[in-house]
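Novice: Here you go, this is target.txt (compact mmCIF, C-alpha atoms).
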```
# COMPACT_ATOMS: atom_id res chain seq x y z
CA VAL D 1 -3.17 22.14 5.72
CA GLY D 2 -0.24 20.98 7.82
CA VAL D 3 1.05 17.48 8.53
CA ILE D 4 3.00 16.97 11.74
CA SER D 5 4.57 13.77 13.06
CA GLU D 6 5.44 13.12 16.71
CA ALA D 7 8.33 10.88 15.68
CA GLY D 8 10.12 10.19 12.48
CA CYS D 9 9.39 12.44 9.57
CA PRO D 10 5.98 13.50 8.26
CA ALA D 11 4.94 11.50 5.18
CA VAL D 12 7.83 9.03 5.50
CA ALA D 13 6.47 5.67 6.76
CA ASP D 14 3.57 7.82 7.91
CA PRO D 15 -0.04 8.14 6.75
CA GLY D 16 0.74 11.78 6.00
CA ALA D 17 2.04 10.59 2.63
CA ASP D 18 -1.59 10.03 1.59
CA VAL D 19 -2.44 13.66 2.38
CA VAL D 20 0.58 14.87 0.40
CA ALA D 21 -0.39 12.65 -2.55
CA ILE D 22 -3.88 14.19 -2.61
CA ALA D 23 -2.38 17.69 -2.45
CA GLN D 24 -0.03 16.86 -5.33
CA ARG D 25 -2.90 15.48 -7.47
CA LYS D 26 -4.88 18.66 -6.84
CA GLY D 27 -1.91 20.81 -7.85
CA LEU D 28 -1.57 22.33 -4.40
CA ARG D 29 1.76 23.67 -3.23
CA VAL D 30 3.55 21.28 -0.87
CA ILE D 31 6.21 22.82 1.37
CA PRO D 32 8.38 20.39 3.35
CA LEU D 33 9.70 22.07 6.49
CA VAL D 34 13.04 21.39 8.08
CA GLY D 35 12.93 19.60 11.39
CA PRO D 36 14.52 16.67 13.15
CA SER D 37 14.13 13.36 11.39
CA SER D 38 14.59 10.41 13.70
CA MET D 39 15.80 8.27 10.79
CA ILE D 40 18.66 10.60 9.89
CA LEU D 41 19.49 11.26 13.55
CA ALA D 42 19.64 7.49 14.14
CA VAL D 43 22.08 7.03 11.24
CA MET D 44 24.19 9.88 12.61
CA ALA D 45 24.31 8.37 16.11
CA SER D 46 24.83 4.73 15.07
CA GLY D 47 28.39 4.87 13.78
CA PHE D 48 27.20 2.98 10.67
CA ASN D 49 27.60 3.80 6.98
CA GLY D 50 25.98 7.17 6.35
CA GLN D 51 26.94 7.19 2.66
CA SER D 52 24.66 4.29 1.77
CA PHE D 53 21.64 3.38 3.85
CA ALA D 54 18.09 2.21 3.25
CA PHE D 55 15.00 2.96 5.27
CA ASN D 56 12.71 -0.08 5.12
CA GLY D 57 9.75 1.18 7.16
CA TYR D 58 7.80 -1.44 9.09
CA LEU D 59 8.75 -5.10 8.68
CA PRO D 60 6.06 -7.79 8.36
CA ILE D 61 4.05 -8.67 11.47
CA ASP D 62 3.95 -12.38 10.63
CA PRO D 63 6.92 -13.96 12.49
CA ALA D 64 8.08 -16.15 9.59
CA GLU D 65 7.89 -13.28 7.11
CA ARG D 66 9.63 -10.93 9.56
CA THR D 67 12.48 -13.41 10.07
CA LYS D 68 12.84 -13.79 6.31
CA ARG D 69 12.97 -10.00 5.85
CA ILE D 70 15.55 -9.51 8.61
CA LYS D 71 17.78 -12.14 7.00
CA MET D 72 17.39 -10.44 3.62
CA LEU D 73 18.26 -7.04 5.06
CA GLU D 74 21.27 -8.48 6.88
CA GLN D 75 22.46 -10.00 3.60
CA ARG D 76 22.27 -6.54 2.00
CA VAL D 77 24.46 -5.20 4.81
CA TYR D 78 27.21 -7.63 3.88
CA THR D 79 26.86 -7.64 0.07
CA GLU D 80 26.02 -3.97 -0.54
CA HIS D 81 27.79 -2.45 2.52
CA GLN D 82 24.56 -0.60 3.22
CA THR D 83 23.12 0.34 6.60
CA GLN D 84 19.58 -1.02 6.96
CA LEU D 85 17.00 0.87 9.06
CA PHE D 86 13.51 -0.22 10.05
CA ILE D 87 10.94 0.79 12.63
CA GLU D 88 8.35 -0.87 14.81
CA THR D 89 5.41 0.24 16.89
CA PRO D 90 6.29 0.63 20.57
CA TYR D 91 4.14 -2.29 21.76
CA ARG D 92 6.01 -4.66 19.38
CA ASN D 93 9.54 -3.32 20.00
CA ALA D 94 10.50 -6.11 22.42
CA LYS D 95 9.49 -8.84 19.96
CA MET D 96 11.42 -7.11 17.16
CA PHE D 97 14.49 -6.74 19.37
CA GLU D 98 14.38 -10.43 20.34
CA GLU D 99 13.85 -11.50 16.72
CA ILE D 100 16.87 -9.53 15.54
CA LEU D 101 19.04 -11.13 18.23
CA ARG D 102 17.77 -14.62 17.25
CA THR D 103 18.13 -14.06 13.51
CA CYS D 104 21.26 -12.00 12.88
CA ARG D 105 24.88 -13.13 12.87
CA PRO D 106 26.76 -12.67 16.17
CA GLN D 107 29.13 -10.13 14.58
CA THR D 108 26.38 -8.03 12.98
CA ARG D 109 26.09 -4.68 14.70
CA LEU D 110 22.72 -3.48 15.90
CA CYS D 111 21.90 0.08 16.89
CA VAL D 112 18.69 0.77 18.76
CA ALA D 113 17.64 4.41 18.72
CA ALA D 114 14.50 5.18 20.70
CA GLY D 115 12.80 8.36 21.82
CA ILE D 116 15.34 10.47 19.94
CA THR D 117 15.44 14.11 21.19
CA CYS D 118 13.08 13.21 24.07
CA LYS D 119 13.77 12.91 27.77
CA GLU D 120 13.76 9.09 27.54
CA GLU D 121 16.21 9.04 24.59
CA TYR D 122 18.14 5.79 24.26
CA ILE D 123 20.77 5.20 21.57
CA ARG D 124 23.14 2.24 21.79
CA THR D 125 25.20 0.28 19.25
CA ARG D 126 26.56 -3.19 19.97
CA MET D 127 27.28 -6.41 18.14
CA VAL D 128 24.44 -8.93 18.37
CA GLN D 129 26.62 -11.20 20.53
CA GLU D 130 27.18 -8.29 22.95
CA TRP D 131 23.46 -7.41 23.13
CA LYS D 132 22.78 -10.99 24.24
CA LYS D 133 24.95 -10.45 27.34
CA HIS D 134 22.94 -7.45 28.57
CA SER D 135 19.39 -6.96 29.73
CA LEU D 136 17.37 -5.30 27.01
CA PRO D 137 15.94 -1.85 27.60
CA ASP D 138 12.19 -1.43 28.06
CA LEU D 139 11.05 0.13 24.80
CA SER D 140 7.36 -0.75 25.17
CA LYS D 141 6.21 2.88 25.12
CA VAL D 142 8.85 4.57 22.98
CA PRO D 143 9.10 4.87 19.18
CA ALA D 144 12.24 3.01 18.11
CA ILE D 145 14.44 2.66 15.05
CA PHE D 146 16.52 -0.46 14.55
CA LEU D 147 19.66 -0.26 12.40
CA ILE D 148 21.91 -3.11 11.35
CA TYR D 149 25.34 -3.00 9.77
CA LYS D 150 28.48 -5.09 9.55
```
Show how you would write the structure in this file as structure tokens.
Specialist:
Amino acid sequence: VGVISEAGCPAVADPGADVVAIAQRKGLRVIPLVGPSSMILAVMASGFNGQSFAFNGYLPIDPAERTKRIKMLEQRVYTEHQTQLFIETPYRNAKMFEEILRTCRPQTRLCVAAGITCKEEYIRTRMVQEWKKHSLPDLSKVPAIFLIYK
């Protein structure tokens, strides 16, 4: 049995983890194969702390809960000096982008890494206050990773 992911990394924030868990319970051999991981590539391209980072998967869909989580992650950036990564489904990328710009401090840096290794690849790092001065890219059809750091 093989598990392949079109973006990200199989079994990391991916339903493939359930398949791997079943295989582990059955005592089957699990062989992770080397390949590009959009999370690691995003950290590499962001210019943020690569010594300490946390992948937080998907944030809550509920707007109030999502705002609360973004604030909590931003606080970790400043208190723990840790890069915070999270992902969103393409059709909700614009809302996530706007929420980050509304919620985070002006000096917080935001990297948006979308479609990594694909033709439509987009990777850009700016402070929140700088993002607000530019038109936002259309990420409605592209898997994206959002990273924040101080």
Novice: Given all atoms listed in the file, how would the per-residue table for region 32-100 of chain D near region 130-149 of chain D read, listing every residue at most 9 Å away with its closest atom pair and distance in Å to one decimal, sorted by chain and number, as a Markdown table?
Specialist:
```
| residue | atom | partner | partner_atom | distance |
| --- | --- | --- | --- | --- |
| D:Ser38 | CA | D:Ile145 | CA | 7.9 |
| D:Met39 | CA | D:Ile145 | CA | 7.2 |
| D:Ala42 | CA | D:Ile145 | CA | 7.2 |
| D:Val43 | CA | D:Leu147 | CA | 7.8 |
| D:Ser46 | CA | D:Leu147 | CA | 7.7 |
| D:Phe48 | CA | D:Tyr149 | CA | 6.3 |
| D:Asn49 | CA | D:Tyr149 | CA | 7.7 |
| D:Leu73 | CA | D:Ile148 | CA | 8.3 |
| D:Glu74 | CA | D:Ile148 | CA | 7.0 |
| D:Val77 | CA | D:Tyr149 | CA | 5.5 |
| D:Tyr78 | CA | D:Tyr149 | CA | 7.7 |
| D:His81 | CA | D:Tyr149 | CA | 7.7 |
| D:Gln82 | CA | D:Tyr149 | CA | 7.0 |
| D:Thr83 | CA | D:Tyr149 | CA | 5.1 |
| D:Gln84 | CA | D:Ile148 | CA | 5.4 |
| D:Leu85 | CA | D:Leu147 | CA | 4.4 |
| D:Phe86 | CA | D:Phe146 | CA | 5.4 |
| D:Ile87 | CA | D:Ile145 | CA | 4.6 |
| D:Glu88 | CA | D:Ala144 | CA | 6.4 |
| D:Thr89 | CA | D:Pro143 | CA | 6.3 |
| D:Pro90 | CA | D:Ser140 | CA | 4.9 |
| D:Tyr91 | CA | D:Ser140 | CA | 4.9 |
| D:Arg92 | CA | D:Ser140 | CA | 7.1 |
| D:Asn93 | CA | D:Leu139 | CA | 6.1 |
| D:Ala94 | CA | D:Leu139 | CA | 6.7 |
| D:Met96 | CA | D:Phe146 | CA | 8.8 |
| D:Phe97 | CA | D:Phe146 | CA | 8.2 |
| D:Glu98 | CA | D:Leu136 | CA | 8.9 |
```
Novice: With all atoms listed in the file counted, which protein, DNA or RNA residues have an atom no more than 12 Å from (4.8, -10.0, 9.5) in the file frame? Please answer as a PDB file with C-alpha atoms, in the frame of the given file.
Specialist:
```
ATOM      1  CA  TYR D  58       7.800  -1.440   9.090  1.00  0.00           C
ATOM      2  CA  LEU D  59       8.750  -5.100   8.680  1.00  0.00           C
ATOM      3  CA  PRO D  60       6.060  -7.790   8.360  1.00  0.00           C
ATOM      4  CA  ILE D  61       4.050  -8.670  11.470  1.00  0.00           C
ATOM      5  CA  ASP D  62       3.950 -12.380  10.630  1.00  0.00           C
ATOM      6  CA  PRO D  63       6.920 -13.960  12.490  1.00  0.00           C
ATOM      7  CA  ALA D  64       8.080 -16.150   9.590  1.00  0.00           C
ATOM      8  CA  GLU D  65       7.890 -13.280   7.110  1.00  0.00           C
ATOM      9  CA  ARG D  66       9.630 -10.930   9.560  1.00  0.00           C
ATOM     10  CA  THR D  67      12.480 -13.410  10.070  1.00  0.00           C
ATOM     11  CA  LYS D  68      12.840 -13.790   6.310  1.00  0.00           C
ATOM     12  CA  ARG D  69      12.970 -10.000   5.850  1.00  0.00           C
ATOM     13  CA  ILE D  70      15.550  -9.510   8.610  1.00  0.00           C
ATOM     14  CA  GLU D  88       8.350  -0.870  14.810  1.00  0.00           C
ATOM     15  CA  ARG D  92       6.010  -4.660  19.380  1.00  0.00           C
ATOM     16  CA  LYS D  95       9.490  -8.840  19.960  1.00  0.00           C
ATOM     17  CA  MET D  96      11.420  -7.110  17.160  1.00  0.00           C
ATOM     18  CA  GLU D  99      13.850 -11.500  16.720  1.00  0.00           C
TER      19      GLU D  99
END
```
Novice: For CA of Glu120 (chain D) and CA of Gln51 (chain D), quote the distance in Å rounded to one decimal.
Specialist: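 Those two atoms sit 28.2 Å apart.
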Novice: Take CA of Gly16 (chain D) and CA of Met72 (chain D) and report the distance between them in Å, one decimal.
Specialist: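 Computing the Euclidean distance for CA of Gly16 (chain D) and CA of Met72 (chain D) yields 27.9 Å.
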Novice: As lines of an AutoDock Vina configuration file, please report the centre and edge lengths, rounded to one decimal in Å, of the axis-aligned box that holds all listed atoms of region 34-46 of chain D with 4 Å of padding on each of the six sides.
Specialist:
```
center_x = 18.9
center_y = 13.1
center_z = 12.1
size_x = 19.9
size_y = 24.7
size_z = 16.0
```
Novice: Excluding Ile123 (chain D) and residues on its chain fewer than 6 positions from it, collect all residues at most 8 Å away from it, counting all atoms listed in the file, and give them as a PyMOL selection string.
Specialist: chain D and resi 42+45-46+111-114+116
Novice: Those residues you just picked out, can you put them in a file as a short mmCIF file (atom, residue, chain, number, x, y, z; two decimals), in the frame of the given file with C-alpha atoms?
Specialist:
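selection_36.cif was written with the following content:
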```
data_model
loop_
_atom_site.label_atom_id
_atom_site.label_comp_id
_atom_site.auth_asym_id
_atom_site.auth_seq_id
_atom_site.Cartn_x
_atom_site.Cartn_y
_atom_site.Cartn_z
CA ALA D 42 19.64 7.49 14.14
CA ALA D 45 24.31 8.37 16.11
CA SER D 46 24.83 4.73 15.07
CA CYS D 111 21.90 0.08 16.89
CA VAL D 112 18.69 0.77 18.76
CA ALA D 113 17.64 4.41 18.72
CA ALA D 114 14.50 5.18 20.70
CA ILE D 116 15.34 10.47 19.94
#
```
Novice: What separation in Å, quoted to one decimal, exists between CA of Met127 (chain D) and CA of Gln107 (chain D)?
Specialist: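 Spanning CA of Met127 (chain D) to CA of Gln107 (chain D) is a straight-line distance of 5.5 Å.
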Novice: I'd like the contact shell of Arg105 (chain D) - 10 Å cut-off, all atoms listed in the file, skipping same-chain residues fewer than 4 positions apart - returned as a VMD selection string.
Specialist: chain D and resid 71 74 100 to 101 109 127 to 129 150
